[in-house]
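Visitor: Before I ask anything, let me first share the structure, which is written out below as structure tokens.
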Amino acid sequence: MEMLEIKNLHAGIEGKEILKGVDLSVGKGTVHAIMGPNGAGKSTLSGVLTGRPDYKVTGGSAFYNGKDLLSMSPEERSWAGLFLSFQYPIEIPGVSITNFMKSAVNARRKALGLPELKPAEFLRLLREKMAFVQMKSEFAKRDVNVGFSGGEKKRNEIFQMAMLEPSLAILDETDSGLDVDALKIVADGVNALRNSERSFIIITHYQKLLEYIRPDVVHVLKEGRIVMTGGPELADKIWKEGFESING
Amino acid sequence: MDKVFVIGRDAVPERVHLQAGEKLRWTLLYDDSLCDSSAVAVRTEIELCGPGADADIAGLYLCRGDSVIDFDITVRHSSGGCTSRQLFKGMAGGNSKAGFDGLIYVAPDAQKTKAFQENHTILLSDTAHIRTQPQLEIYADDVECSHGATTGYLNPDEQFYMRSRGIPEDEARRLQILSFISPILQRLPEETAREIEDSL
């Protein structure tokens with residue numbers, strides 16, 4: 001059984017169909033890249049997989065470790081080990097990173113039948129993971145993403161990923177708006193979290209990020225369907241020849 | 001005059017006159033889970049009568065059931081050189097109705113007045129009502145005055161972001177409400193603030 005098994009997925013927003021029959025399987029411990037031009041349905045796919053309420057699924061299925069993903073709430077999906085790094089991380093004025101993460105970590109532990117972390121244990125974990133993504137410790141007190149630069153926001157996403165230790169992480173256009181230095185920090189974080197149990201879906205418009213995070217499999221999403229699947233060399237081909245060269 | 005009024009328990013004076021240099025700091029709290037009567041009106045007028053008088057008034061109203069609350073607040077700048085601030089925050093759920101009428105009056109010779117008023121509210125249900133009517137009546141020309149009012153729902157993008165991190169929907173709402181009301185919560189005694197936090 002694959003970790004993630006998507007079959008003939010149809011979905012859209014406000015009555016407009018965007019995904020028109022996506023098939024995708026992701027095995028345990030593998031890194032998949034999904035590339036595609038603007039409007040191909042990349043963000044719709046990540047939104048549908050994580051349960052964004054404004055997207056409506058109109059057909060098909062998605063199973064995650066054998067569970068019907070599409071019937072689960074966003075929080076249940078998170079407890080089951082799914083994580084989305086947002087293309088546009090949301091600002092939450094009045095909620096500090098510490099309180100935000102404490103709620104998230106303890107809600108997950110509760111759902112898994114584990115006791116809450118003691119305050120000292122939580123702070124140790126927080127510091128360790130902030131250091132891991134080279135985030136300055138003063139960020140712990142700051143409101144989530146408020147006044148953060150583009151790079152700081154993306155780094156905060158990778159920090160949250162490190163805190164929550166998902167088994168499947170979806171990175172939605174994590175490279176957009178990042179300079180090369182920020183890109184490298186993000187990629188180093190992702191690479192350090194790669195292991196035989198954890199899988200990644202890296203959604204990207206450009207091949208740049210894939211130079212730093214080498215995928216096992218590359219898919220091309222075009223007009224709401226996966227039109228081609230190959231190895232890492234497919235990303236290089238797209239870089240040289242553009243998406244027009246791919247015809248599904 | 002630093003005072004917290006729990007509406008329904010403490011009577012708010014209908015009229016207060018502040019003489020030169022006098023300062024007032026009020027925090028009005030209405031929480032329908034603490035209050036027996038289901039329809040309450042709070043009416044008060046604070047008059048700044050001498051230079052240097054200062055009024056700092058905050059209000060928090062938490063309406064969750066079938067309650068009806070109306071605030072009618074007048075801040076009257078009769079003398080020049082006075083300052084006033086009003087910050088009222090409310091949330092209305094269930095079938096509750098919450099109204100706020102706030103008037104800043106600046107008399108013709110009350111020059112160098114500084115007067116500010118804000119009223120921000122959140123609707124938590126489709127059957128709750130929120131009404132806000134900020135008013136400025138200014139007859140002096142050398143003043144600094146402003147008012148602002150907003151009303152809306154809890155931000156669904158924030159909610160999804162938190163839920164995607166595993167924070168359950170009701171806890172996400174609680175965090176959003178807490179962050180919304182925290183500027184006024186900070187003015188309340190610690191025990192009262194904690195009771196409110198726990199009740200959300």
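Chain labels run A, B, ... following the order of the structure tokens; each chain numbers its residues from 1, and ligands are numbered from 1 in the order shown.
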Distance cut-off 10 Å, counting only C-alpha atoms - which residues of chain A neighbour chain B? Return them as a VMD selection string.
Guide: chain A and resid 50 to 54 73 to 86 89 to 96 99 to 109 111 160 to 161 164
Visitor: Could you pull the residues within 8 Å of stretch 113-123 of chain B, counting only C-alpha atoms, minus those fewer than 6 positions along the same chain, as a PyMOL selection string?
Guide: chain B and resi 77+80-93+100+102+104+106+129-130+132+134+142-154
Visitor: Restricting the output to C-alpha atoms, write the selected residues as an mmCIF file, in the first residue's frame.
Guide:
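Done, and the output landed in again-v1.cif:
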data_model
loop_
_atom_site.group_PDB
_atom_site.id
_atom_site.type_symbol
_atom_site.label_atom_id
_atom_site.label_comp_id
_atom_site.auth_asym_id
_atom_site.auth_seq_id
_atom_site.Cartn_x
_atom_site.Cartn_y
_atom_site.Cartn_z
ATOM 1 C CA HIS B 77 -15.126 68.076 26.225
ATOM 2 C CA GLY B 80 -9.880 72.861 26.285
ATOM 3 C CA GLY B 81 -6.654 70.942 26.819
ATOM 4 C CA CYS B 82 -8.298 67.653 27.814
ATOM 5 C CA THR B 83 -7.811 64.146 26.473
ATOM 6 C CA SER B 84 -10.097 61.143 26.113
ATOM 7 C CA ARG B 85 -9.858 57.648 24.718
ATOM 8 C CA GLN B 86 -12.589 55.056 24.247
ATOM 9 C CA LEU B 87 -11.955 51.494 23.171
ATOM 10 C CA PHE B 88 -14.950 49.167 23.046
ATOM 11 C CA LYS B 89 -14.713 45.621 21.805
ATOM 12 C CA GLY B 90 -17.590 43.233 21.546
ATOM 13 C CA MET B 91 -18.580 39.868 20.250
ATOM 14 C CA ALA B 92 -22.103 38.634 19.636
ATOM 15 C CA GLY B 93 -23.131 35.033 19.199
ATOM 16 C CA PHE B 100 -22.933 50.879 20.869
ATOM 17 C CA GLY B 102 -20.668 56.732 21.298
ATOM 18 C CA ILE B 104 -17.602 62.751 21.380
ATOM 19 C CA VAL B 106 -16.228 69.155 21.728
ATOM 20 C CA HIS B 129 -27.002 41.500 15.695
ATOM 21 C CA ILE B 130 -24.405 44.180 16.114
ATOM 22 C CA THR B 132 -22.549 50.617 16.134
ATOM 23 C CA PRO B 134 -19.978 56.467 16.552
ATOM 24 C CA ASP B 142 -7.890 73.247 16.914
ATOM 25 C CA VAL B 143 -8.532 69.660 17.944
ATOM 26 C CA GLU B 144 -7.314 66.155 17.246
ATOM 27 C CA CYS B 145 -10.218 63.719 17.108
ATOM 28 C CA SER B 146 -10.892 60.399 15.468
ATOM 29 C CA HIS B 147 -13.279 57.508 15.594
ATOM 30 C CA GLY B 148 -13.272 54.098 14.027
ATOM 31 C CA ALA B 149 -15.654 51.188 13.939
ATOM 32 C CA THR B 150 -15.331 47.755 12.387
ATOM 33 C CA THR B 151 -17.429 44.661 12.447
ATOM 34 C CA GLY B 152 -16.734 41.276 10.933
ATOM 35 C CA TYR B 153 -16.349 37.550 11.383
ATOM 36 C CA LEU B 154 -13.430 35.508 12.658
#
Visitor: Using only C-alpha atoms, which protein or nucleic acid residues come within 12 Å of stretch 7-17 of chain B? Drop anything in the same chain fewer than 6 positions from it, and give the result as a PyMOL selection string.
Guide: chain B and resi 1+23-24+26-50+53-55+59-62+67+69-79
Visitor: Select, from B:Ile184, B:Ala110, B:Ala140, B:Arg64, the residue with the minimum atom-to-atom distance to B:Thr127, counting only C-alpha atoms.
Guide: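 Smallest separation from B:Thr127 among the options: B:Arg64.
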Visitor: In Å to one decimal, how far is atom CA of B:Val4 from atom CA of B:Gly99?
Guide: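 According to the coordinates, atom CA of B:Gly99 and atom CA of B:Val4 are separated by 20.1 Å.
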Visitor: Assign secondary structure with DSSP using the backbone only, and return the residues of stretch 64-121 of chain B in strand (DSSP E) as a PyMOL selection string.
Guide: chain B and resi 68-77+83-92+97-106+114-121
Visitor: Given the choices A:Ile170, A:Ala120, A:Val57, A:Gly36, which gets closest to A:Asn247 if the distance is worked out from only C-alpha atoms?
Guide: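 With only C-alpha atoms as the atom set, the closest residue is A:Gly36.
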Visitor: Hey, what's within 7 Å of A:Ile226 if we count only C-alpha atoms and toss same-chain stuff fewer than 6 positions away? As a PyMOL selection string, please?
Guide: chain A and resi 22-23+219-220
Visitor: Go ahead and save the residues from that selection, with N, CA, C and O atoms, as an mmCIF file, in the first residue's frame.
Guide:
data_model
loop_
_atom_site.group_PDB
_atom_site.id
_atom_site.type_symbol
_atom_site.label_atom_id
_atom_site.label_comp_id
_atom_site.auth_asym_id
_atom_site.auth_seq_id
_atom_site.Cartn_x
_atom_site.Cartn_y
_atom_site.Cartn_z
ATOM 1 N N VAL A 22 -7.011 13.852 -11.281
ATOM 2 C CA VAL A 22 -5.597 13.687 -10.900
ATOM 3 C C VAL A 22 -5.373 12.275 -10.351
ATOM 4 O O VAL A 22 -6.129 11.808 -9.489
ATOM 5 N N ASP A 23 -4.366 11.592 -10.858
ATOM 6 C CA ASP A 23 -3.913 10.308 -10.318
ATOM 7 C C ASP A 23 -2.489 10.496 -9.813
ATOM 8 O O ASP A 23 -1.651 11.030 -10.537
ATOM 9 N N HIS A 219 6.505 15.032 -11.456
ATOM 10 C CA HIS A 219 5.249 14.975 -12.201
ATOM 11 C C HIS A 219 5.001 16.336 -12.817
ATOM 12 O O HIS A 219 5.346 17.362 -12.234
ATOM 13 N N VAL A 220 4.363 16.337 -13.962
ATOM 14 C CA VAL A 220 3.944 17.603 -14.561
ATOM 15 C C VAL A 220 2.425 17.687 -14.491
ATOM 16 O O VAL A 220 1.717 16.795 -14.974
#
Visitor: Env of A:Ala187: 8 Å cut, atoms = only C-alpha atoms, seq-sep filter 2 positions within chain, self excluded. Answer as a list in words.
Guide: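 The neighbour list is Leu183, Lys184, Ile185, Gly189, Val190, Asn191, Leu209, Tyr212 and Ile213 of chain A.
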Visitor: Which residues come within 9 Å of A:Ile201, counting only C-alpha atoms, excluding same-chain residues fewer than 6 positions away, as a PDB file with N, CA and C atoms, in the first residue's frame?
Guide:
ATOM      1  N   VAL A  26       2.177   8.240  -3.869  1.00  0.00           N
ATOM      2  CA  VAL A  26       3.426   8.621  -3.217  1.00  0.00           C
ATOM      3  C   VAL A  26       3.780   7.528  -2.214  1.00  0.00           C
ATOM      4  N   THR A  30       9.668   8.817   0.016  1.00  0.00           N
ATOM      5  CA  THR A  30      10.037   9.337  -1.309  1.00  0.00           C
ATOM      6  C   THR A  30       9.744  10.831  -1.411  1.00  0.00           C
ATOM      7  N   VAL A  31      10.458  11.478  -2.316  1.00  0.00           N
ATOM      8  CA  VAL A  31      10.247  12.904  -2.565  1.00  0.00           C
ATOM      9  C   VAL A  31       9.720  13.074  -3.987  1.00  0.00           C
ATOM     10  N   HIS A  32       8.503  13.628  -4.071  1.00  0.00           N
ATOM     11  CA  HIS A  32       7.875  13.860  -5.370  1.00  0.00           C
ATOM     12  C   HIS A  32       7.815  15.362  -5.633  1.00  0.00           C
ATOM     13  N   ALA A  33       8.135  15.743  -6.846  1.00  0.00           N
ATOM     14  CA  ALA A  33       7.955  17.140  -7.231  1.00  0.00           C
ATOM     15  C   ALA A  33       6.761  17.209  -8.171  1.00  0.00           C
ATOM     16  N   ILE A  34       5.931  18.232  -7.970  1.00  0.00           N
ATOM     17  CA  ILE A  34       4.855  18.481  -8.928  1.00  0.00           C
ATOM     18  C   ILE A  34       5.120  19.851  -9.528  1.00  0.00           C
ATOM     19  N   LEU A 168       4.016  13.051   5.937  1.00  0.00           N
ATOM     20  CA  LEU A 168       3.936  13.555   4.555  1.00  0.00           C
ATOM     21  C   LEU A 168       3.846  15.074   4.592  1.00  0.00           C
ATOM     22  N   ALA A 169       4.842  15.719   4.017  1.00  0.00           N
ATOM     23  CA  ALA A 169       4.845  17.183   3.989  1.00  0.00           C
ATOM     24  C   ALA A 169       4.657  17.663   2.557  1.00  0.00           C
ATOM     25  N   ILE A 170       3.716  18.588   2.398  1.00  0.00           N
ATOM     26  CA  ILE A 170       3.490  19.194   1.090  1.00  0.00           C
ATOM     27  C   ILE A 170       4.052  20.603   1.145  1.00  0.00           C
ATOM     28  N   LEU A 171       4.978  20.911   0.261  1.00  0.00           N
ATOM     29  CA  LEU A 171       5.573  22.246   0.214  1.00  0.00           C
ATOM     30  C   LEU A 171       5.019  22.976  -0.994  1.00  0.00           C
ATOM     31  N   ASP A 172       4.109  23.927  -0.722  1.00  0.00           N
ATOM     32  CA  ASP A 172       3.443  24.620  -1.816  1.00  0.00           C
ATOM     33  C   ASP A 172       4.234  25.872  -2.198  1.00  0.00           C
ATOM     34  N   PRO A 215      14.442  15.469  -6.105  1.00  0.00           N
ATOM     35  CA  PRO A 215      13.280  14.596  -5.973  1.00  0.00           C
ATOM     36  C   PRO A 215      13.562  13.204  -6.546  1.00  0.00           C
TER      37      PRO A 215
END
Visitor: Determine which residues of stretch 85-176 of chain A receive a DSSP assignment of alpha helix (DSSP H), computed from the backbone, and state them as a PyMOL selection string.
Guide: chain A and resi 97-111+119-132+150-164
